[in-house]
$ cat start-v5.cif   # mmCIF, C-alpha atoms and all ligand atoms
data_final
#
loop_
_atom_site.label_atom_id
_atom_site.label_comp_id
_atom_site.auth_asym_id
_atom_site.auth_seq_id
_atom_site.Cartn_x
_atom_site.Cartn_y
_atom_site.Cartn_z
CA MET A 1 29.99 -33.27 -35.03
CA GLN A 2 32.30 -33.55 -37.96
CA LYS A 3 33.40 -30.25 -39.40
CA HIS A 4 35.17 -29.79 -42.67
CA THR A 5 38.84 -29.08 -42.86
CA ALA A 6 39.44 -25.55 -43.94
CA GLY A 7 41.41 -26.23 -47.09
CA THR A 8 41.14 -23.70 -49.85
CA SER A 9 40.21 -24.98 -53.23
CA ASN A 10 41.34 -23.08 -56.28
CA GLY A 11 40.39 -25.61 -58.92
CA PRO A 12 37.86 -25.06 -61.70
CA ASN A 13 35.04 -26.19 -59.40
CA ALA A 14 35.98 -24.03 -56.41
CA THR A 15 32.70 -22.10 -56.20
CA THR A 16 30.60 -25.23 -56.50
CA ILE A 17 32.69 -26.95 -53.83
CA THR A 18 32.35 -24.00 -51.43
CA ILE A 19 28.58 -23.93 -51.74
CA LEU A 20 28.21 -27.72 -51.50
CA GLN A 21 30.42 -27.64 -48.42
CA GLN A 22 28.14 -25.06 -46.80
CA MET A 23 25.18 -27.27 -47.58
CA ALA A 24 27.02 -30.29 -46.10
CA ASP A 25 27.80 -28.26 -42.97
CA TYR A 26 24.13 -27.38 -42.72
CA TYR A 27 23.13 -31.05 -42.90
CA GLY A 28 25.90 -31.83 -40.41
CA GLN A 29 24.26 -29.48 -37.95
CA THR A 30 20.89 -31.13 -38.39
CA GLY A 31 22.46 -34.54 -37.80
CA ASP A 32 21.81 -35.81 -41.31
CA GLU A 33 24.81 -38.15 -41.58
CA TRP A 34 23.62 -39.87 -44.70
CA ARG A 35 23.28 -36.67 -46.68
CA ILE A 36 26.52 -35.21 -45.42
CA ARG A 37 28.34 -38.32 -46.68
CA ALA A 38 26.83 -37.96 -50.15
CA TYR A 39 27.96 -34.33 -50.23
CA ARG A 40 31.46 -35.13 -49.11
CA LYS A 41 31.87 -37.81 -51.75
CA ALA A 42 30.65 -35.44 -54.45
CA ILE A 43 33.01 -32.74 -53.20
CA ALA A 44 35.94 -35.16 -53.31
CA THR A 45 35.07 -36.03 -56.91
CA LEU A 46 34.85 -32.38 -57.92
CA ARG A 47 38.16 -31.58 -56.23
CA ASN A 48 39.89 -34.15 -58.37
CA HIS A 49 38.17 -33.12 -61.59
CA PRO A 50 40.39 -31.09 -63.92
CA THR A 51 37.66 -29.09 -65.68
CA LYS A 52 34.62 -27.14 -64.62
CA VAL A 53 31.45 -29.23 -64.33
CA SER A 54 28.56 -27.09 -65.57
CA THR A 55 25.67 -29.38 -66.44
CA ARG A 56 23.66 -32.09 -64.79
CA GLU A 57 24.76 -34.58 -67.45
CA GLU A 58 28.44 -33.84 -66.92
CA ALA A 59 28.01 -34.25 -63.19
CA LEU A 60 26.07 -37.51 -63.54
CA ALA A 61 28.87 -38.99 -65.63
CA LEU A 62 31.27 -38.63 -62.70
CA PRO A 63 31.70 -41.16 -59.91
CA GLN A 64 29.95 -40.62 -56.55
CA ILE A 65 27.45 -38.09 -57.89
CA GLY A 66 23.76 -38.95 -58.02
CA GLU A 67 20.76 -37.36 -59.62
CA ARG A 68 19.91 -34.82 -56.92
CA LEU A 69 23.42 -33.58 -56.41
CA ALA A 70 23.92 -33.36 -60.17
CA CYS A 71 20.97 -30.95 -60.37
CA LYS A 72 22.39 -28.86 -57.55
CA ILE A 73 25.79 -28.71 -59.23
CA GLU A 74 24.14 -27.42 -62.40
CA GLU A 75 22.18 -24.83 -60.41
CA ILE A 76 25.34 -23.55 -58.73
CA ALA A 77 27.33 -23.51 -61.97
CA THR A 78 24.66 -21.45 -63.73
CA THR A 79 23.53 -19.12 -60.91
CA ASN A 80 26.50 -19.11 -58.53
CA ARG A 81 24.14 -19.95 -55.69
CA LEU A 82 21.84 -22.64 -54.35
CA ARG A 83 18.24 -21.78 -53.43
CA ARG A 84 18.05 -24.65 -50.95
CA LEU A 85 21.00 -23.18 -49.03
CA ASP A 86 19.52 -19.67 -49.08
CA ASN A 87 16.30 -21.12 -47.64
CA ALA A 88 18.15 -23.03 -44.96
CA LYS A 89 20.00 -19.89 -43.89
CA ALA A 90 16.79 -17.89 -43.76
CA GLU A 91 14.78 -20.22 -41.49
CA PRO A 92 14.97 -18.70 -38.00
CA THR A 93 14.27 -21.83 -35.95
CA ASP A 94 16.83 -23.66 -38.03
CA GLN A 95 19.37 -21.00 -37.20
CA ILE A 96 18.69 -21.27 -33.49
CA LEU A 97 18.84 -25.05 -33.73
CA GLN A 98 22.13 -24.80 -35.60
CA THR A 99 23.56 -22.50 -32.95
CA PHE A 100 22.45 -24.77 -30.13
CA MET A 101 23.74 -27.89 -31.86
CA GLN A 102 27.20 -26.41 -31.93
CA VAL A 103 27.32 -26.23 -28.14
CA TYR A 104 29.94 -28.82 -27.26
CA GLY A 105 28.27 -31.98 -25.99
CA ALA A 106 24.76 -30.97 -27.03
CA GLY A 107 23.43 -33.17 -29.81
CA LEU A 108 20.35 -32.81 -31.96
CA ALA A 109 18.06 -34.03 -29.17
CA LYS A 110 19.27 -31.53 -26.57
CA ALA A 111 19.30 -28.63 -29.03
CA SER A 112 15.75 -29.46 -30.18
CA GLU A 113 14.63 -29.60 -26.55
CA TRP A 114 16.00 -26.09 -25.93
CA VAL A 115 14.29 -24.80 -29.07
CA ALA A 116 11.01 -26.44 -27.99
CA GLN A 117 11.35 -24.77 -24.57
CA GLY A 118 11.42 -21.44 -26.35
CA TYR A 119 15.04 -20.43 -25.80
CA LYS A 120 16.41 -18.25 -28.56
CA THR A 121 19.96 -17.30 -27.61
CA LEU A 122 22.95 -18.75 -25.81
CA ASP A 123 22.65 -16.05 -23.13
CA GLU A 124 19.08 -17.11 -22.47
CA LEU A 125 20.22 -20.70 -22.05
CA LEU A 126 22.85 -19.63 -19.53
CA GLU A 127 20.37 -17.54 -17.56
CA LYS A 128 17.30 -19.73 -17.57
CA ALA A 129 17.81 -23.29 -18.78
CA SER A 130 18.84 -26.03 -16.38
CA LEU A 131 22.25 -27.03 -17.65
CA SER A 132 24.87 -29.63 -16.81
CA GLU A 133 28.33 -28.33 -15.87
CA ASN A 134 29.67 -29.42 -19.26
CA GLN A 135 26.89 -27.64 -21.11
CA LYS A 136 27.71 -24.47 -19.20
CA ILE A 137 31.34 -24.78 -20.27
CA GLY A 138 30.25 -25.51 -23.84
CA ILE A 139 28.17 -22.32 -23.90
CA THR A 140 30.66 -20.08 -22.08
CA HIS A 141 33.38 -21.20 -24.49
CA TYR A 142 31.15 -21.45 -27.51
CA GLU A 143 33.33 -19.27 -29.74
CA ASP A 144 36.52 -21.01 -28.64
CA PHE A 145 35.26 -24.53 -29.24
CA ASN A 146 33.82 -23.60 -32.62
CA SER A 147 36.97 -21.96 -33.91
CA ARG A 148 39.51 -23.88 -35.91
CA ILE A 149 42.91 -24.33 -34.30
CA PRO A 150 45.94 -23.36 -36.41
CA ARG A 151 48.35 -26.21 -37.05
CA ALA A 152 51.18 -24.50 -35.17
CA GLU A 153 48.99 -24.21 -32.08
CA VAL A 154 48.03 -27.90 -32.22
CA GLU A 155 51.78 -28.58 -32.16
CA GLN A 156 52.25 -26.36 -29.11
CA HIS A 157 49.52 -28.13 -27.14
CA GLY A 158 51.06 -31.49 -28.12
CA ALA A 159 54.47 -30.26 -26.96
CA VAL A 160 53.13 -29.22 -23.54
CA VAL A 161 51.64 -32.69 -23.06
CA ARG A 162 54.84 -34.37 -24.29
CA GLN A 163 57.14 -32.35 -22.02
CA ALA A 164 55.07 -32.94 -18.91
CA LEU A 165 54.86 -36.64 -19.67
CA HIS A 166 58.59 -36.96 -20.32
CA LYS A 167 59.25 -35.50 -16.89
CA ILE A 168 57.22 -38.36 -15.45
CA ASP A 169 58.71 -41.01 -17.75
CA PRO A 170 60.77 -40.35 -20.91
CA ALA A 171 59.66 -43.64 -22.49
CA PHE A 172 56.19 -42.24 -23.22
CA GLU A 173 55.32 -41.09 -26.74
CA VAL A 174 52.82 -38.46 -27.77
CA ILE A 175 51.55 -38.40 -31.35
CA ALA A 176 49.18 -35.74 -32.63
CA GLY A 177 46.51 -37.56 -34.65
CA GLY A 178 43.20 -36.61 -36.24
CA SER A 179 43.07 -33.91 -38.87
CA TYR A 180 46.53 -32.71 -37.77
CA ARG A 181 48.14 -35.98 -38.81
CA ARG A 182 46.30 -35.76 -42.11
CA GLY A 183 48.18 -32.51 -42.69
CA ALA A 184 45.25 -30.13 -42.23
CA ALA A 185 46.11 -26.44 -41.88
CA THR A 186 43.61 -26.15 -39.02
CA SER A 187 41.93 -28.63 -36.68
CA GLY A 188 38.67 -28.76 -34.76
CA ASP A 189 40.37 -30.23 -31.71
CA ILE A 190 43.68 -31.70 -30.57
CA ASP A 191 43.87 -35.49 -30.69
CA CYS A 192 46.83 -36.69 -28.61
CA LEU A 193 47.63 -40.38 -28.91
CA ILE A 194 49.66 -41.43 -25.89
CA THR A 195 51.57 -44.68 -25.86
CA ARG A 196 54.65 -46.35 -24.39
CA PRO A 197 56.64 -49.36 -25.66
CA ASP A 198 55.61 -52.70 -24.12
CA THR A 199 52.93 -51.10 -22.03
CA GLY A 200 49.30 -52.07 -21.51
CA SER A 201 46.22 -50.05 -20.71
CA ALA A 202 46.34 -50.33 -16.90
CA HIS A 203 49.73 -48.64 -16.60
CA LEU A 204 48.82 -45.99 -19.19
CA ARG A 205 45.66 -45.17 -17.28
CA ALA A 206 47.47 -44.94 -13.97
CA VAL A 207 50.12 -42.55 -15.30
CA ILE A 208 47.86 -40.38 -17.45
CA LEU A 209 44.82 -40.09 -15.23
CA GLU A 210 46.54 -40.09 -11.86
CA GLN A 211 49.73 -38.17 -12.67
CA LEU A 212 49.69 -36.33 -15.98
CA VAL A 213 46.18 -34.87 -15.85
CA PRO A 214 46.48 -33.55 -12.27
CA THR A 215 49.91 -32.07 -13.05
CA LEU A 216 48.69 -30.29 -16.18
CA ALA A 217 45.58 -29.10 -14.38
CA ALA A 218 47.75 -27.62 -11.63
CA THR A 219 49.87 -25.68 -14.15
CA GLY A 220 46.71 -24.23 -15.67
CA PHE A 221 47.13 -25.99 -19.04
CA LEU A 222 44.17 -28.35 -18.62
CA VAL A 223 41.27 -26.06 -17.81
CA ALA A 224 38.28 -28.40 -17.89
CA ALA A 225 37.48 -32.09 -17.84
CA LEU A 226 34.52 -32.90 -20.05
CA ALA A 227 32.69 -36.12 -19.30
CA ALA A 228 33.22 -38.71 -21.99
CA SER A 229 30.48 -40.72 -23.65
CA GLY A 230 28.69 -43.45 -21.72
CA LYS A 231 30.60 -46.25 -23.39
CA ASP A 232 33.89 -44.84 -22.16
CA ASP A 233 36.27 -47.56 -20.96
CA GLY A 234 38.87 -45.29 -19.43
CA SER A 235 40.96 -45.22 -22.60
CA LYS A 236 40.14 -41.58 -23.34
CA TRP A 237 40.17 -38.29 -21.54
CA HIS A 238 38.24 -35.43 -23.06
CA GLY A 239 38.74 -31.90 -21.90
CA ALA A 240 39.96 -28.43 -22.69
CA SER A 241 43.42 -26.90 -22.67
CA CYS A 242 44.80 -23.39 -22.80
CA LEU A 243 48.33 -22.24 -23.56
CA LEU A 244 50.05 -20.04 -21.02
CA GLY A 245 49.23 -16.39 -21.65
CA ARG A 246 46.50 -17.17 -24.20
CA LYS A 247 42.76 -16.80 -23.85
CA SER A 248 41.35 -19.46 -26.17
CA TRP A 249 40.27 -22.73 -24.68
CA ARG A 250 40.80 -25.65 -27.07
CA ARG A 251 39.18 -29.06 -27.10
CA ILE A 252 41.76 -31.75 -26.39
CA ASP A 253 41.44 -35.54 -26.39
CA LEU A 254 44.02 -37.70 -24.67
CA LEU A 255 43.81 -41.14 -26.26
CA LEU A 256 45.50 -43.92 -24.29
CA VAL A 257 46.91 -46.52 -26.66
CA PRO A 258 48.46 -49.81 -25.46
CA SER A 259 51.60 -50.61 -27.48
CA ASP A 260 50.03 -53.74 -28.96
CA GLU A 261 47.27 -51.63 -30.51
CA LEU A 262 49.27 -48.68 -31.83
CA GLY A 263 48.89 -49.47 -35.54
CA ALA A 264 45.13 -49.92 -35.38
CA ALA A 265 44.75 -46.86 -33.15
CA LEU A 266 46.83 -44.77 -35.55
CA ILE A 267 44.53 -45.76 -38.39
CA TYR A 268 41.39 -45.09 -36.37
CA PHE A 269 42.45 -41.78 -34.85
CA THR A 270 43.94 -40.48 -38.10
CA GLY A 271 40.71 -40.97 -40.00
CA ASN A 272 39.06 -39.35 -41.58
CA ASP A 273 35.86 -41.00 -40.44
CA ILE A 274 34.81 -41.88 -43.99
CA PHE A 275 38.19 -43.40 -44.79
CA ASN A 276 37.82 -45.48 -41.61
CA ARG A 277 34.40 -46.61 -42.68
CA SER A 278 35.73 -47.74 -46.05
CA MET A 279 38.59 -49.66 -44.41
CA ARG A 280 36.19 -51.43 -42.07
CA LEU A 281 33.91 -52.28 -44.94
CA LEU A 282 36.82 -53.66 -46.92
CA ALA A 283 37.88 -55.78 -43.94
CA SER A 284 34.38 -57.21 -43.65
CA THR A 285 34.36 -58.23 -47.34
CA LYS A 286 37.49 -60.26 -46.55
CA GLU A 287 35.84 -61.91 -43.55
CA MET A 288 37.95 -59.78 -41.26
CA ARG A 289 37.15 -57.04 -38.81
CA LEU A 290 38.99 -53.77 -38.17
CA ASN A 291 38.52 -51.60 -35.11
CA GLN A 292 40.64 -49.19 -33.11
CA ARG A 293 42.37 -52.09 -31.36
CA GLY A 294 43.29 -54.37 -34.22
CA LEU A 295 42.54 -56.33 -37.36
CA TYR A 296 40.88 -59.69 -36.65
CA LYS A 297 40.14 -62.70 -38.85
CA GLU A 298 37.71 -65.57 -38.63
CA CYS A 299 35.07 -63.63 -36.82
CA LEU A 300 31.99 -65.75 -37.21
CA ARG A 301 28.80 -64.02 -38.21
CA GLY A 302 25.23 -65.24 -38.01
CA TYR A 303 22.60 -64.94 -40.72
CA GLY A 304 21.88 -61.33 -39.79
CA ARG A 305 25.64 -60.50 -40.02
CA GLU A 306 25.65 -60.29 -36.23
CA LYS A 307 28.97 -61.07 -34.60
CA LEU A 308 29.23 -64.54 -33.08
CA SER A 309 32.91 -64.40 -32.13
CA GLU A 310 35.61 -61.74 -31.83
CA GLY A 311 37.94 -63.66 -34.12
CA THR A 312 41.71 -64.00 -33.96
CA LEU A 313 43.96 -60.97 -33.87
CA VAL A 314 45.97 -60.70 -37.10
CA GLU A 315 47.71 -57.38 -36.51
CA GLY A 316 47.38 -54.49 -34.09
CA LYS A 317 50.83 -52.98 -33.66
CA ASP A 318 51.92 -52.06 -37.14
CA GLU A 319 49.95 -49.56 -39.18
CA LYS A 320 51.57 -50.48 -42.51
CA ARG A 321 51.12 -54.19 -41.92
CA ILE A 322 47.36 -53.69 -41.45
CA PHE A 323 47.17 -52.11 -44.89
CA GLU A 324 49.24 -55.02 -46.28
CA VAL A 325 47.06 -57.73 -44.77
CA LEU A 326 43.97 -56.00 -46.08
CA GLY A 327 45.59 -55.81 -49.53
CA VAL A 328 45.34 -52.01 -49.62
CA PRO A 329 48.29 -50.02 -50.97
CA TRP A 330 49.80 -47.87 -48.21
CA ARG A 331 48.24 -44.43 -48.01
CA VAL A 332 50.06 -41.60 -46.31
CA PRO A 333 47.86 -39.86 -43.72
CA GLU A 334 47.61 -36.77 -45.94
CA HIS A 335 45.74 -38.85 -48.51
CA ARG A 336 43.26 -40.48 -46.16
CA ILE A 337 40.43 -38.19 -47.10
CA CYS A 338 37.41 -39.65 -48.78
N1 LIG B 1 36.56 -41.05 -35.77
C1 LIG B 1 35.79 -41.97 -36.48
N2 LIG B 1 34.44 -41.95 -36.36
C2 LIG B 1 33.84 -41.06 -35.56
C3 LIG B 1 34.60 -40.11 -34.84
C4 LIG B 1 35.97 -40.14 -34.97
O1 LIG B 1 36.34 -42.79 -37.21
N3 LIG B 1 32.50 -41.08 -35.45
C5 LIG B 1 38.02 -41.07 -35.94
C6 LIG B 1 38.40 -40.44 -37.26
C7 LIG B 1 38.80 -39.05 -36.89
C8 LIG B 1 39.42 -39.25 -35.52
O2 LIG B 1 38.64 -40.30 -34.93
O3 LIG B 1 39.71 -38.51 -37.82
C9 LIG B 1 39.43 -38.02 -34.66
O4 LIG B 1 38.11 -37.52 -34.50
P1 LIG B 1 37.82 -35.97 -34.55
O5 LIG B 1 36.37 -35.80 -34.26
O6 LIG B 1 38.76 -35.25 -33.68
O7 LIG B 1 37.99 -35.59 -36.09
P2 LIG B 1 39.23 -35.03 -36.92
O8 LIG B 1 40.43 -34.89 -36.07
O9 LIG B 1 39.35 -35.87 -38.14
O10 LIG B 1 38.72 -33.59 -37.40
P3 LIG B 1 38.70 -32.22 -36.55
O11 LIG B 1 39.71 -31.33 -37.18
O12 LIG B 1 37.31 -31.69 -36.72
O13 LIG B 1 39.01 -32.55 -35.13
MG MG B 2 40.33 -33.94 -34.24
MN MN B 3 39.01 -35.50 -31.36
#
$ encode --input "start-v5.cif" --output "structure tokens" --more "lines below"
Ligand code: DCP
Ligand code: MG
Ligand code: MN
Amino acid sequence: MQKHTAGTSNGPNATTITILQQMADYYGQTGDEWRIRAYRKAIATLRNHPTKVSTREEALALPQIGERLACKIEEIATTNRLRRLDNAKAEPTDQILQTFMQVYGAGLAKASEWVAQGYKTLDELLEKASLSENQKIGITHYEDFNSRIPRAEVEQHGAVVRQALHKIDPAFEVIAGGSYRRGAATSGDIDCLITRPDTGSAHLRAVILEQLVPTLAATGFLVAALAASGKDDGSKWHGASCLLGRKSWRRIDLLLVPSDELGAALIYFTGNDIFNRSMRLLASTKEMRLNQRGLYKECLRGYGREKLSEGTLVEGKDEKRIFEVLGVPWRVPEHRIC
């Protein structure tokens, strides 16, 4: 589940932004992707707006803000609160659902199932519910996995991975991606892109999964392996890590990137997810296709826009070149927030 980056906003619309963000987080927890996107766009607009927006009309005149959000902005500006948010916070089943949805690996469906079975607390789940191993870990380390990781600590986890890998083979590269690469002060997890010049996925997999992971598990740095999603192709390893002498377990993703795909993977794993969506959309308007492996042209589509062919690879290696081919001015990672 996407969480917001804890950046402080001191602009004229700071209060409004804070409350809208809480509302977006609430919708995030209920799985309402469509709404959360509308909120994030409105928040981005308000962040860039130099003066305080106090009325519905003012809000409506701005880009990315529709009727309903405009009303909410007016309500916040005049009352410093939002009744809808107060209601959401007060609903007890919603609160339990929200808590359960933040268990790592438990989506809306699982959390709703637990609520329907009558469970009310995480302790009750641990005692009575039948849980997978990963769900047990998600509950036992609930606080850890739901805390933001300071930037300096993300760096330390990255350094541990890099050092261990360099002992195996100094040609490997480790790049911290995700919110860290976008310059965020804190991150929800650690996204480690791992690559090596002139190297394909088979060799990466062999070294990372058969050598690096066991080594780092033996030193006590990798503390849990968390099963990846069903569509996993062996290019990712999801788990948890813990620095020597510390207590907090952190979520870490090892992302195996063949050298030919580094540029596209850097774009994908830097995000944010909305920026990625807009880049993919742009590619499709130019009859191209962008994914985490590359930018492709001449992908044939049928009448229902369904893909008929993969198309020809235009660029995969070079991040800047992908922007160029798409005709988008280069954007530093820090500015890839929509
Ligand atoms: N990503 C995406 N679409 C998704 C999930 C992820 O495009 N549905 C991409 C963009 C993200 C990147 O992968 O920036 C890493 O995913 P994370 O979930 O780790 O998100 P972030 O690193 O951006 O934020 P956080 O600080 O919460 O980890
Ligand atoms: Mg991340
Ligand atoms: Mn991640």
$ residues_near_point --input "start-v5.cif" --point "(30.1, -20.3, -20.7)" --cutoff "12 Å" --atoms "all atoms listed in the file" --output "ChimeraX atom specification"
/A:103-104,122-127,131-145,224,249
$ residues_around --input "start-v5.cif" --residues "Val53 in chain A" --least-positions-apart "4" --cutoff "10 Å" --atoms "only C-alpha atoms" --output "list in words"
Pro12, Asn13, Thr16, Leu46, His49, Glu57, Glu58, Ala59, Leu60, Leu62, Ala70, Ile73, Glu74 and Ala77 of chain A
$ residues_around --input "start-v5.cif" --residues "Ile149 in chain A" --least-positions-apart "2" --cutoff "7 Å" --atoms "all atoms listed in the file" --output "list in words"
Ser147, Arg151, Glu153, Val154, Thr186, Ser187, Gly188 and Asp189 of chain A
$ write_last_selection --input "start-v5.cif" --atoms "C-alpha atoms" --output "PDB file, keeping the file's coordinate frame"
ATOM      1  CA  SER A 147      36.970 -21.960 -33.910  1.00  0.00           C
ATOM      2  CA  ARG A 151      48.350 -26.210 -37.050  1.00  0.00           C
ATOM      3  CA  GLU A 153      48.990 -24.210 -32.080  1.00  0.00           C
ATOM      4  CA  VAL A 154      48.030 -27.900 -32.220  1.00  0.00           C
ATOM      5  CA  THR A 186      43.610 -26.150 -39.020  1.00  0.00           C
ATOM      6  CA  SER A 187      41.930 -28.630 -36.680  1.00  0.00           C
ATOM      7  CA  GLY A 188      38.670 -28.760 -34.760  1.00  0.00           C
ATOM      8  CA  ASP A 189      40.370 -30.230 -31.710  1.00  0.00           C
TER       9      ASP A 189
END
$ residues_around --input "start-v5.cif" --residues "Glu261 in chain A" --least-positions-apart "6" --cutoff "8 Å" --atoms "all atoms listed in the file" --output "PDB file with C-alpha atoms, keeping the file's coordinate frame"
ATOM      1  CA  GLN A 292      40.640 -49.190 -33.110  1.00  0.00           C
ATOM      2  CA  ARG A 293      42.370 -52.090 -31.360  1.00  0.00           C
ATOM      3  CA  GLY A 294      43.290 -54.370 -34.220  1.00  0.00           C
ATOM      4  CA  GLY A 316      47.380 -54.490 -34.090  1.00  0.00           C
ATOM      5  CA  LYS A 317      50.830 -52.980 -33.660  1.00  0.00           C
TER       6      LYS A 317
END
$ closest_residue --input "start-v5.cif" --among "A:Gln98, A:Ser248, A:Asn276, A:Asn10" --to "Arg148 in chain A" --atoms "all atoms listed in the file"
A:Ser248
$ atom_distance --input "start-v5.cif" --atom1 "CA of Ala61 in chain A" --atom2 "CA of Glu33 in chain A"
24.4 Å
$ residues_near_ligand --input "start-v5.cif" --ligand "ligand MN 3 (chain B)" --cutoff "8 Å" --atoms "all atoms listed in the file" --output "PyMOL selection string"
chain A and resi 178+188-191+251-253+269
$ closest_residue --input "start-v5.cif" --among "A:Leu226, A:Cys192, A:Ala129, A:Val160" --to "ligand MG 2 (chain B)" --atoms "all atoms listed in the file"
A:Cys192
$ closest_residue --input "start-v5.cif" --among "A:Arg162, A:Arg83, A:Arg277, A:Arg321" --to "ligand LIG 1 (chain B)" --atoms "all atoms listed in the file"
A:Arg277
$ decode --input "start-v5.cif" --residues "range 183-208 of chain A" --atoms "C-alpha atoms" --output "PDB file, in the first residue's frame"
ATOM      1  CA  GLY A 183      15.228  12.418  -2.070  1.00  0.00           C
ATOM      2  CA  ALA A 184      12.618  11.624   0.588  1.00  0.00           C
ATOM      3  CA  ALA A 185      13.646  12.231   4.197  1.00  0.00           C
ATOM      4  CA  THR A 186      12.093   8.898   5.179  1.00  0.00           C
ATOM      5  CA  SER A 187      11.088   5.757   3.293  1.00  0.00           C
ATOM      6  CA  GLY A 188       8.519   3.019   3.764  1.00  0.00           C
ATOM      7  CA  ASP A 189      10.979   0.339   2.713  1.00  0.00           C
ATOM      8  CA  ILE A 190      14.439  -0.092   1.199  1.00  0.00           C
ATOM      9  CA  ASP A 191      14.481  -0.646  -2.558  1.00  0.00           C
ATOM     10  CA  CYS A 192      17.877  -2.005  -3.622  1.00  0.00           C
ATOM     11  CA  LEU A 193      18.449  -2.200  -7.359  1.00  0.00           C
ATOM     12  CA  ILE A 194      21.229  -4.683  -8.025  1.00  0.00           C
ATOM     13  CA  THR A 195      22.974  -4.791 -11.371  1.00  0.00           C
ATOM     14  CA  ARG A 196      26.299  -5.635 -13.008  1.00  0.00           C
ATOM     15  CA  PRO A 197      27.753  -4.452 -16.343  1.00  0.00           C
ATOM     16  CA  ASP A 198      27.119  -6.824 -19.269  1.00  0.00           C
ATOM     17  CA  THR A 199      25.197  -9.238 -17.118  1.00  0.00           C
ATOM     18  CA  GLY A 200      21.851 -10.915 -17.679  1.00  0.00           C
ATOM     19  CA  SER A 201      19.192 -12.151 -15.314  1.00  0.00           C
ATOM     20  CA  ALA A 202      20.397 -15.757 -14.931  1.00  0.00           C
ATOM     21  CA  HIS A 203      23.771 -14.775 -13.496  1.00  0.00           C
ATOM     22  CA  LEU A 204      22.232 -12.084 -11.272  1.00  0.00           C
ATOM     23  CA  ARG A 205      19.784 -14.608  -9.884  1.00  0.00           C
ATOM     24  CA  ALA A 206      22.477 -17.173  -9.232  1.00  0.00           C
ATOM     25  CA  VAL A 207      24.693 -14.740  -7.329  1.00  0.00           C
ATOM     26  CA  ILE A 208      21.976 -12.931  -5.385  1.00  0.00           C
TER      27      ILE A 208
END
